[in-house]
Amino acid sequence: MKGRGIGFGKAILFNEHFVVYGIPSIVSAIGNYTVAHIEPYEKPEINLIDNRKATPQYKEDKYEQQHDSLNRILTKMNIDPKKQGLAITLEGNLYAASGIGASAASCVAIARALNQFYNMNLKDEEINEIAYEGEKGYHGNPSGVDNTASTYGGLIWFQKGDQNEIERIEIPNPIEIVIGNTGKIANTKAAVAGVRERKENNPRKYEEIFDRAENITYLAKQALEDEDHKEIGKLMNENHKLLQQIEVSSKELDFLVNIARENGALGAKLTGGGLGGNMIALTPKRELQERVATSIEKEGFQTIKTVIGATRGGYEG
Ligand code: MEV
């Protein structure tokens, strides 16, 4: 008996944080993914072997959250490791870092692998719901945007609600992006809580920012469908400004965003929870992608070169 499953990494193109309050967001799966393998384990317990490459200290910092998440997944799937011990191995080419959906990708990969191991025949919708439960271990009260991208792949319009609105955005051609890692581990839960507190203290200011964020998503969807790269980039820059205003950027993120723009990126912004983690730059065509990635790497930061909008997140396996 064996089980295997994958979950995509993701990059939020528009409206991380705002999405928590029901503002629409746009997210893309990326070509990097986490794979989970499951085999029987001789003791009546879980043996979790995490072989993912990671930002230093990431795994140690997330250790408790990871175990909380795993327990939630098992409970949701009605699986009792005391009846059947399980060895779960995580690997794949998605770096375990903040902002690129590492937690969601691992939840989806584990849910899929368990589904295969126990022959449960679950649909994507069910995998997504299980991964959402798992994400609670990391985020507390996640919007669901990350696990949705990790499950379905591709480019997605996501709006949280009583019934989440999940719509695939079709674009004529995938677009190259560069993701830059500040190397700082971020606590999404704390970042989300900080926004909530400041929003409650400054309702007028935040209302204006939130209105503009909402507006940007509609413009961005149109620009994506029209392949208007310049406009997409401009809107990403504006989105970053709004994220700065709600105080979830950091000096390292702003530094990488500026390097990307100075080297020709059409737009750049933080991606994910912020306060560290990763940023994303829009760099259509390989040449520009290479130039921007090199400029970030020269400063000593790691990058991912991938695309947004590829079918199934660019995973061809
Ligand atoms: C984290 O990748 C995205 C946030 O908007 C949190 C969430 O949506 O749950 C910051």
# chains A, B, ... in the order shown; residues from 1 in each chain; ligands from 1
$ select_by_dssp --residues "segment 186-296 of chain A" --states "strand (DSSP E or B)" --output "PyMOL selection string"
chain A and resi 267-271+278-282
$ write_last_selection --atoms "all heavy atoms" --output "compact mmCIF listing (two decimals), in the first residue's frame"
# COMPACT_ATOMS: atom_id res chain seq x y z
N GLY A 267 6.25 45.23 -13.24
CA GLY A 267 5.60 45.50 -11.96
C GLY A 267 6.19 44.57 -10.92
O GLY A 267 6.74 43.52 -11.27
N ALA A 268 6.12 44.98 -9.66
CA ALA A 268 6.64 44.10 -8.60
C ALA A 268 5.92 44.43 -7.30
O ALA A 268 5.56 45.58 -7.05
CB ALA A 268 8.14 44.28 -8.43
N LYS A 269 5.73 43.41 -6.50
CA LYS A 269 5.02 43.58 -5.23
C LYS A 269 5.38 42.44 -4.28
O LYS A 269 5.91 41.41 -4.73
CB LYS A 269 3.51 43.60 -5.47
CG LYS A 269 2.98 42.31 -6.07
CD LYS A 269 1.49 42.37 -6.33
CE LYS A 269 0.68 42.05 -5.09
NZ LYS A 269 0.79 40.64 -4.65
N LEU A 270 5.05 42.62 -3.04
CA LEU A 270 5.19 41.48 -2.12
C LEU A 270 4.14 40.44 -2.49
O LEU A 270 3.14 40.76 -3.14
CB LEU A 270 5.05 41.94 -0.67
CG LEU A 270 3.68 42.39 -0.14
CD1 LEU A 270 2.85 41.22 0.35
CD2 LEU A 270 3.87 43.39 0.96
N THR A 271 4.35 39.21 -2.09
CA THR A 271 3.34 38.18 -2.36
C THR A 271 3.15 37.32 -1.12
O THR A 271 4.13 36.96 -0.46
CB THR A 271 3.72 37.34 -3.61
OG1 THR A 271 2.60 36.52 -3.97
CG2 THR A 271 4.94 36.45 -3.40
N ASN A 278 8.36 36.39 0.48
CA ASN A 278 8.71 36.56 -0.92
C ASN A 278 8.03 37.73 -1.60
O ASN A 278 6.99 38.21 -1.16
CB ASN A 278 8.33 35.28 -1.68
CG ASN A 278 9.36 34.18 -1.51
OD1 ASN A 278 10.26 34.02 -2.31
ND2 ASN A 278 9.25 33.42 -0.42
N MET A 279 8.67 38.17 -2.72
CA MET A 279 8.06 39.16 -3.59
C MET A 279 7.96 38.56 -5.00
O MET A 279 8.60 37.54 -5.29
CB MET A 279 8.84 40.48 -3.61
CG MET A 279 10.32 40.41 -3.87
SD MET A 279 10.83 39.95 -5.53
CE MET A 279 10.40 41.45 -6.42
N ILE A 280 7.14 39.20 -5.84
CA ILE A 280 6.96 38.69 -7.19
C ILE A 280 7.14 39.84 -8.18
O ILE A 280 6.70 40.95 -7.91
CB ILE A 280 5.56 38.04 -7.34
CG1 ILE A 280 5.26 37.68 -8.79
CG2 ILE A 280 4.46 38.89 -6.80
CD1 ILE A 280 3.88 37.07 -9.00
N ALA A 281 7.81 39.53 -9.30
CA ALA A 281 8.01 40.55 -10.34
C ALA A 281 7.47 40.02 -11.66
O ALA A 281 7.66 38.84 -11.98
CB ALA A 281 9.49 40.87 -10.47
N LEU A 282 6.81 40.88 -12.39
CA LEU A 282 6.26 40.50 -13.70
C LEU A 282 7.33 40.75 -14.76
O LEU A 282 7.73 41.89 -14.99
CB LEU A 282 5.00 41.32 -14.00
CG LEU A 282 4.20 40.85 -15.20
CD1 LEU A 282 3.44 39.57 -14.87
CD2 LEU A 282 3.22 41.92 -15.66
$ residues_near_ligand --ligand "ligand 1" --cutoff "8 Å" --atoms "only C-alpha atoms and all ligand atoms" --output "list in words"
Ile12, Asn15, Glu16, His17, Phe18, Val19, Val20, Gly99, Ile100, Gly101, His139, Asn141, Pro142, Ser143, Gly144, Val145, Asp146, Thr188, Lys189, Ala191, Val192, Thr271, Gly272, Gly273 and Gly274 of chain A
$ write_last_selection --atoms "N, CA and C atoms" --output "PDB file, in the first residue's frame"
ATOM      1  N   ILE A  12       0.341  35.020  -5.054  1.00  0.00           N
ATOM      2  CA  ILE A  12      -0.829  35.902  -5.114  1.00  0.00           C
ATOM      3  C   ILE A  12      -0.428  37.137  -5.922  1.00  0.00           C
ATOM      4  N   ASN A  15      -4.033  41.286  -4.031  1.00  0.00           N
ATOM      5  CA  ASN A  15      -4.925  41.364  -2.865  1.00  0.00           C
ATOM      6  C   ASN A  15      -4.785  40.313  -1.775  1.00  0.00           C
ATOM      7  N   GLU A  16      -3.564  39.863  -1.497  1.00  0.00           N
ATOM      8  CA  GLU A  16      -3.367  39.161  -0.227  1.00  0.00           C
ATOM      9  C   GLU A  16      -3.834  40.114   0.882  1.00  0.00           C
ATOM     10  N   HIS A  17      -4.189  39.615   1.984  1.00  0.00           N
ATOM     11  CA  HIS A  17      -4.731  40.351   3.136  1.00  0.00           C
ATOM     12  C   HIS A  17      -6.138  40.897   2.869  1.00  0.00           C
ATOM     13  N   PHE A  18      -6.317  41.658   1.766  1.00  0.00           N
ATOM     14  CA  PHE A  18      -7.656  42.194   1.486  1.00  0.00           C
ATOM     15  C   PHE A  18      -8.636  41.028   1.302  1.00  0.00           C
ATOM     16  N   VAL A  19      -8.125  39.921   0.766  1.00  0.00           N
ATOM     17  CA  VAL A  19      -8.951  38.744   0.478  1.00  0.00           C
ATOM     18  C   VAL A  19      -9.599  38.173   1.743  1.00  0.00           C
ATOM     19  N   VAL A  20      -8.946  38.383   2.871  1.00  0.00           N
ATOM     20  CA  VAL A  20      -9.469  37.874   4.150  1.00  0.00           C
ATOM     21  C   VAL A  20     -10.833  38.514   4.467  1.00  0.00           C
ATOM     22  N   GLY A  99       5.244  32.789   1.954  1.00  0.00           N
ATOM     23  CA  GLY A  99       4.683  33.604   0.870  1.00  0.00           C
ATOM     24  C   GLY A  99       4.430  32.874  -0.432  1.00  0.00           C
ATOM     25  N   ILE A 100       4.928  31.657  -0.574  1.00  0.00           N
ATOM     26  CA  ILE A 100       4.749  30.963  -1.860  1.00  0.00           C
ATOM     27  C   ILE A 100       3.874  29.712  -1.728  1.00  0.00           C
ATOM     28  N   GLY A 101       3.131  29.661  -0.643  1.00  0.00           N
ATOM     29  CA  GLY A 101       2.149  28.584  -0.522  1.00  0.00           C
ATOM     30  C   GLY A 101       2.720  27.257  -0.063  1.00  0.00           C
ATOM     31  N   HIS A 139      -2.446  29.061   9.828  1.00  0.00           N
ATOM     32  CA  HIS A 139      -2.921  30.448   9.705  1.00  0.00           C
ATOM     33  C   HIS A 139      -3.983  30.837  10.702  1.00  0.00           C
ATOM     34  N   ASN A 141      -7.230  31.424  10.777  1.00  0.00           N
ATOM     35  CA  ASN A 141      -8.471  31.553  10.029  1.00  0.00           C
ATOM     36  C   ASN A 141      -8.171  31.989   8.587  1.00  0.00           C
ATOM     37  N   PRO A 142      -7.669  31.081   7.771  1.00  0.00           N
ATOM     38  CA  PRO A 142      -7.239  31.461   6.422  1.00  0.00           C
ATOM     39  C   PRO A 142      -8.416  31.784   5.504  1.00  0.00           C
ATOM     40  N   SER A 143      -8.135  32.576   4.477  1.00  0.00           N
ATOM     41  CA  SER A 143      -9.212  32.906   3.530  1.00  0.00           C
ATOM     42  C   SER A 143      -9.539  31.706   2.637  1.00  0.00           C
ATOM     43  N   GLY A 144      -8.555  30.845   2.425  1.00  0.00           N
ATOM     44  CA  GLY A 144      -8.763  29.708   1.517  1.00  0.00           C
ATOM     45  C   GLY A 144      -8.136  29.927   0.153  1.00  0.00           C
ATOM     46  N   VAL A 145      -7.549  31.101  -0.064  1.00  0.00           N
ATOM     47  CA  VAL A 145      -6.989  31.377  -1.398  1.00  0.00           C
ATOM     48  C   VAL A 145      -5.801  30.460  -1.709  1.00  0.00           C
ATOM     49  N   ASP A 146      -4.955  30.215  -0.715  1.00  0.00           N
ATOM     50  CA  ASP A 146      -3.735  29.439  -0.976  1.00  0.00           C
ATOM     51  C   ASP A 146      -4.050  27.980  -1.315  1.00  0.00           C
ATOM     52  N   THR A 188       2.335  34.482   9.174  1.00  0.00           N
ATOM     53  CA  THR A 188       1.131  34.989   8.500  1.00  0.00           C
ATOM     54  C   THR A 188       0.031  35.326   9.500  1.00  0.00           C
ATOM     55  N   LYS A 189      -0.088  34.474  10.505  1.00  0.00           N
ATOM     56  CA  LYS A 189      -1.117  34.686  11.518  1.00  0.00           C
ATOM     57  C   LYS A 189      -0.949  36.078  12.150  1.00  0.00           C
ATOM     58  N   ALA A 191       0.717  38.631  10.905  1.00  0.00           N
ATOM     59  CA  ALA A 191       0.535  39.685   9.901  1.00  0.00           C
ATOM     60  C   ALA A 191      -0.957  39.983   9.724  1.00  0.00           C
ATOM     61  N   VAL A 192      -1.767  38.921   9.657  1.00  0.00           N
ATOM     62  CA  VAL A 192      -3.213  39.090   9.474  1.00  0.00           C
ATOM     63  C   VAL A 192      -3.816  39.778  10.710  1.00  0.00           C
ATOM     64  N   THR A 271       4.347  39.214  -2.090  1.00  0.00           N
ATOM     65  CA  THR A 271       3.345  38.183  -2.363  1.00  0.00           C
ATOM     66  C   THR A 271       3.152  37.323  -1.119  1.00  0.00           C
ATOM     67  N   GLY A 272       1.903  37.073  -0.754  1.00  0.00           N
ATOM     68  CA  GLY A 272       1.627  36.280   0.454  1.00  0.00           C
ATOM     69  C   GLY A 272       1.463  37.183   1.664  1.00  0.00           C
ATOM     70  N   GLY A 273       1.800  36.642   2.802  1.00  0.00           N
ATOM     71  CA  GLY A 273       1.527  37.347   4.062  1.00  0.00           C
ATOM     72  C   GLY A 273       2.371  38.593   4.301  1.00  0.00           C
ATOM     73  N   GLY A 274       3.533  38.707   3.652  1.00  0.00           N
ATOM     74  CA  GLY A 274       4.395  39.878   3.834  1.00  0.00           C
ATOM     75  C   GLY A 274       5.206  39.808   5.118  1.00  0.00           C
TER      76      GLY A 274
END
$ select_by_dssp --residues "segment 98-141 of chain A" --states "helix (DSSP H, G or I)" --output "ChimeraX atom specification"
/A:102-117,124-139
$ residues_around --residues "Ile246 of chain A" --least-positions-apart "6" --cutoff "8 Å" --atoms "only C-alpha atoms" --output "PyMOL selection string"
chain A and resi 195+198+206
$ write_last_selection --atoms "N, CA and C atoms" --output "mmCIF file, in the first residue's frame"
data_model
loop_
_atom_site.group_PDB
_atom_site.id
_atom_site.type_symbol
_atom_site.label_atom_id
_atom_site.label_comp_id
_atom_site.auth_asym_id
_atom_site.auth_seq_id
_atom_site.Cartn_x
_atom_site.Cartn_y
_atom_site.Cartn_z
ATOM 1 N N VAL A 195 -3.102 43.564 10.695
ATOM 2 C CA VAL A 195 -3.976 44.322 9.785
ATOM 3 C C VAL A 195 -5.339 44.534 10.454
ATOM 4 N N ARG A 198 -5.119 47.320 13.097
ATOM 5 C CA ARG A 198 -4.968 48.673 12.537
ATOM 6 C C ARG A 198 -6.247 49.099 11.815
ATOM 7 N N TYR A 206 -8.728 52.777 6.216
ATOM 8 C CA TYR A 206 -8.686 51.428 5.653
ATOM 9 C C TYR A 206 -9.798 51.199 4.635
#
$ closest_residue --among "A:Asn71, A:Ile23, A:Glu197, A:Lys10" --to "Glu214 of chain A" --atoms "only C-alpha atoms"
A:Ile23
$ closest_residue --among "A:Ala149, A:Phe158, A:Lys83, A:Leu74" --to "Gly22 of chain A" --atoms "only C-alpha atoms"
A:Phe158
$ closest_residue --among "A:Lys62, A:Ala105, A:Pro44, A:Ile127" --to "Ala87 of chain A" --atoms "only C-alpha atoms"
A:Pro44
$ atom_distance --atom1 "atom CA of Glu176 of chain A" --atom2 "atom CA of Val307 of chain A"
4.3 Å
$ atom_distance --atom1 "atom CA of Leu243 of chain A" --atom2 "atom CA of Lys230 of chain A"
20.1 Å
$ closest_residue --among "A:Gln163, A:Gln57, A:Asn78, A:Thr303" --to "Ile130 of chain A" --atoms "only C-alpha atoms"
A:Asn78
$ atom_distance --atom1 "atom CA of Ser150 of chain A" --atom2 "atom CA of Gly9 of chain A"
5.9 Å
$ closest_residue --among "A:Thr151, A:Asn215, A:Asn47, A:Gln289" --to "Gly7 of chain A" --atoms "only C-alpha atoms"
A:Thr151
$ closest_residue --among "A:His240, A:Ala113, A:Ile26, A:Lys2" --to "Glu167 of chain A" --atoms "only C-alpha atoms"
A:Ile26
$ residues_around --residues "Lys136 of chain A" --least-positions-apart "4" --cutoff "9 Å" --atoms "only C-alpha atoms" --output "ChimeraX atom specification"
/A:65,68-69,72,131-132,140-142
$ residues_around --residues "Thr34 of chain A" --least-positions-apart "6" --cutoff "10 Å" --atoms "only C-alpha atoms" --output "short mmCIF file (atom, residue, chain, number, x, y, z; two decimals) with N, CA and C atoms, in the first residue's frame"
data_model
loop_
_atom_site.label_atom_id
_atom_site.label_comp_id
_atom_site.auth_asym_id
_atom_site.auth_seq_id
_atom_site.Cartn_x
_atom_site.Cartn_y
_atom_site.Cartn_z
N GLY A 5 0.87 12.19 -3.63
CA GLY A 5 0.04 13.32 -4.03
C GLY A 5 0.88 14.57 -4.17
N ILE A 6 0.39 15.51 -5.02
CA ILE A 6 1.15 16.76 -5.15
C ILE A 6 0.26 17.96 -4.84
N GLY A 7 0.89 19.06 -4.45
CA GLY A 7 0.20 20.35 -4.26
C GLY A 7 1.09 21.44 -4.82
N PHE A 8 0.51 22.35 -5.58
CA PHE A 8 1.30 23.42 -6.20
C PHE A 8 1.66 24.52 -5.21
N GLY A 9 2.80 25.15 -5.46
CA GLY A 9 3.08 26.43 -4.82
C GLY A 9 2.23 27.49 -5.48
N ARG A 52 11.90 18.58 2.26
CA ARG A 52 11.86 19.77 1.40
C ARG A 52 13.05 20.67 1.70
N LEU A 90 7.77 14.29 2.77
CA LEU A 90 7.53 15.46 1.92
C LEU A 90 8.78 15.78 1.13
N GLU A 91 8.59 16.03 -0.17
CA GLU A 91 9.72 16.48 -1.01
C GLU A 91 9.16 17.29 -2.17
N GLY A 92 9.95 17.48 -3.21
CA GLY A 92 9.49 18.28 -4.35
C GLY A 92 10.36 19.49 -4.53
N ASN A 93 10.07 20.27 -5.61
CA ASN A 93 10.96 21.40 -5.93
C ASN A 93 10.44 22.74 -5.43
N LEU A 94 9.43 22.71 -4.56
CA LEU A 94 8.95 23.96 -3.95
C LEU A 94 9.70 24.17 -2.64
N TYR A 95 10.39 25.28 -2.58
CA TYR A 95 11.10 25.64 -1.37
C TYR A 95 10.12 25.84 -0.22
N ALA A 96 10.44 25.36 0.96
CA ALA A 96 9.61 25.67 2.13
C ALA A 96 10.02 27.05 2.63
N GLY A 101 3.13 29.66 -0.64
CA GLY A 101 2.15 28.58 -0.52
C GLY A 101 2.72 27.26 -0.06
N ALA A 102 3.85 27.30 0.64
CA ALA A 102 4.48 26.05 1.07
C ALA A 102 3.55 25.26 1.99
N SER A 103 2.88 25.95 2.90
CA SER A 103 2.00 25.22 3.83
C SER A 103 0.81 24.64 3.07
N ALA A 104 0.20 25.44 2.21
CA ALA A 104 -0.97 24.94 1.45
C ALA A 104 -0.57 23.78 0.55
N ALA A 105 0.58 23.92 -0.11
CA ALA A 105 1.01 22.85 -1.03
C ALA A 105 1.22 21.55 -0.27
N SER A 106 1.77 21.65 0.94
CA SER A 106 1.99 20.41 1.69
C SER A 106 0.65 19.82 2.15
N CYS A 107 -0.29 20.68 2.54
CA CYS A 107 -1.62 20.17 2.95
C CYS A 107 -2.30 19.44 1.79
N VAL A 108 -2.25 20.05 0.62
CA VAL A 108 -2.89 19.43 -0.55
C VAL A 108 -2.18 18.12 -0.91
N ALA A 109 -0.86 18.15 -0.90
CA ALA A 109 -0.09 16.94 -1.25
C ALA A 109 -0.42 15.80 -0.28
N ILE A 110 -0.47 16.12 1.01
CA ILE A 110 -0.76 15.08 2.02
C ILE A 110 -2.18 14.56 1.85
N SER A 150 -3.35 25.82 -4.72
CA SER A 150 -2.53 24.60 -4.61
C SER A 150 -3.27 23.38 -5.12
#
$ decode --residues "segment 3-16 of chain A" --atoms "C-alpha atoms" --output "PDB file, in the first residue's frame"
ATOM      1  CA  GLY A   3       0.035   6.871  -1.624  1.00  0.00           C
ATOM      2  CA  ARG A   4       1.404   9.834  -3.530  1.00  0.00           C
ATOM      3  CA  GLY A   5       0.038  13.322  -4.031  1.00  0.00           C
ATOM      4  CA  ILE A   6       1.146  16.762  -5.148  1.00  0.00           C
ATOM      5  CA  GLY A   7       0.198  20.347  -4.259  1.00  0.00           C
ATOM      6  CA  PHE A   8       1.301  23.422  -6.200  1.00  0.00           C
ATOM      7  CA  GLY A   9       3.084  26.428  -4.824  1.00  0.00           C
ATOM      8  CA  LYS A  10       1.319  29.706  -5.461  1.00  0.00           C
ATOM      9  CA  ALA A  11       1.872  33.398  -5.976  1.00  0.00           C
ATOM     10  CA  ILE A  12      -0.829  35.902  -5.114  1.00  0.00           C
ATOM     11  CA  LEU A  13      -0.861  38.525  -7.866  1.00  0.00           C
ATOM     12  CA  PHE A  14      -3.445  40.809  -6.304  1.00  0.00           C
ATOM     13  CA  ASN A  15      -4.925  41.364  -2.865  1.00  0.00           C
ATOM     14  CA  GLU A  16      -3.367  39.161  -0.227  1.00  0.00           C
TER      15      GLU A  16
END
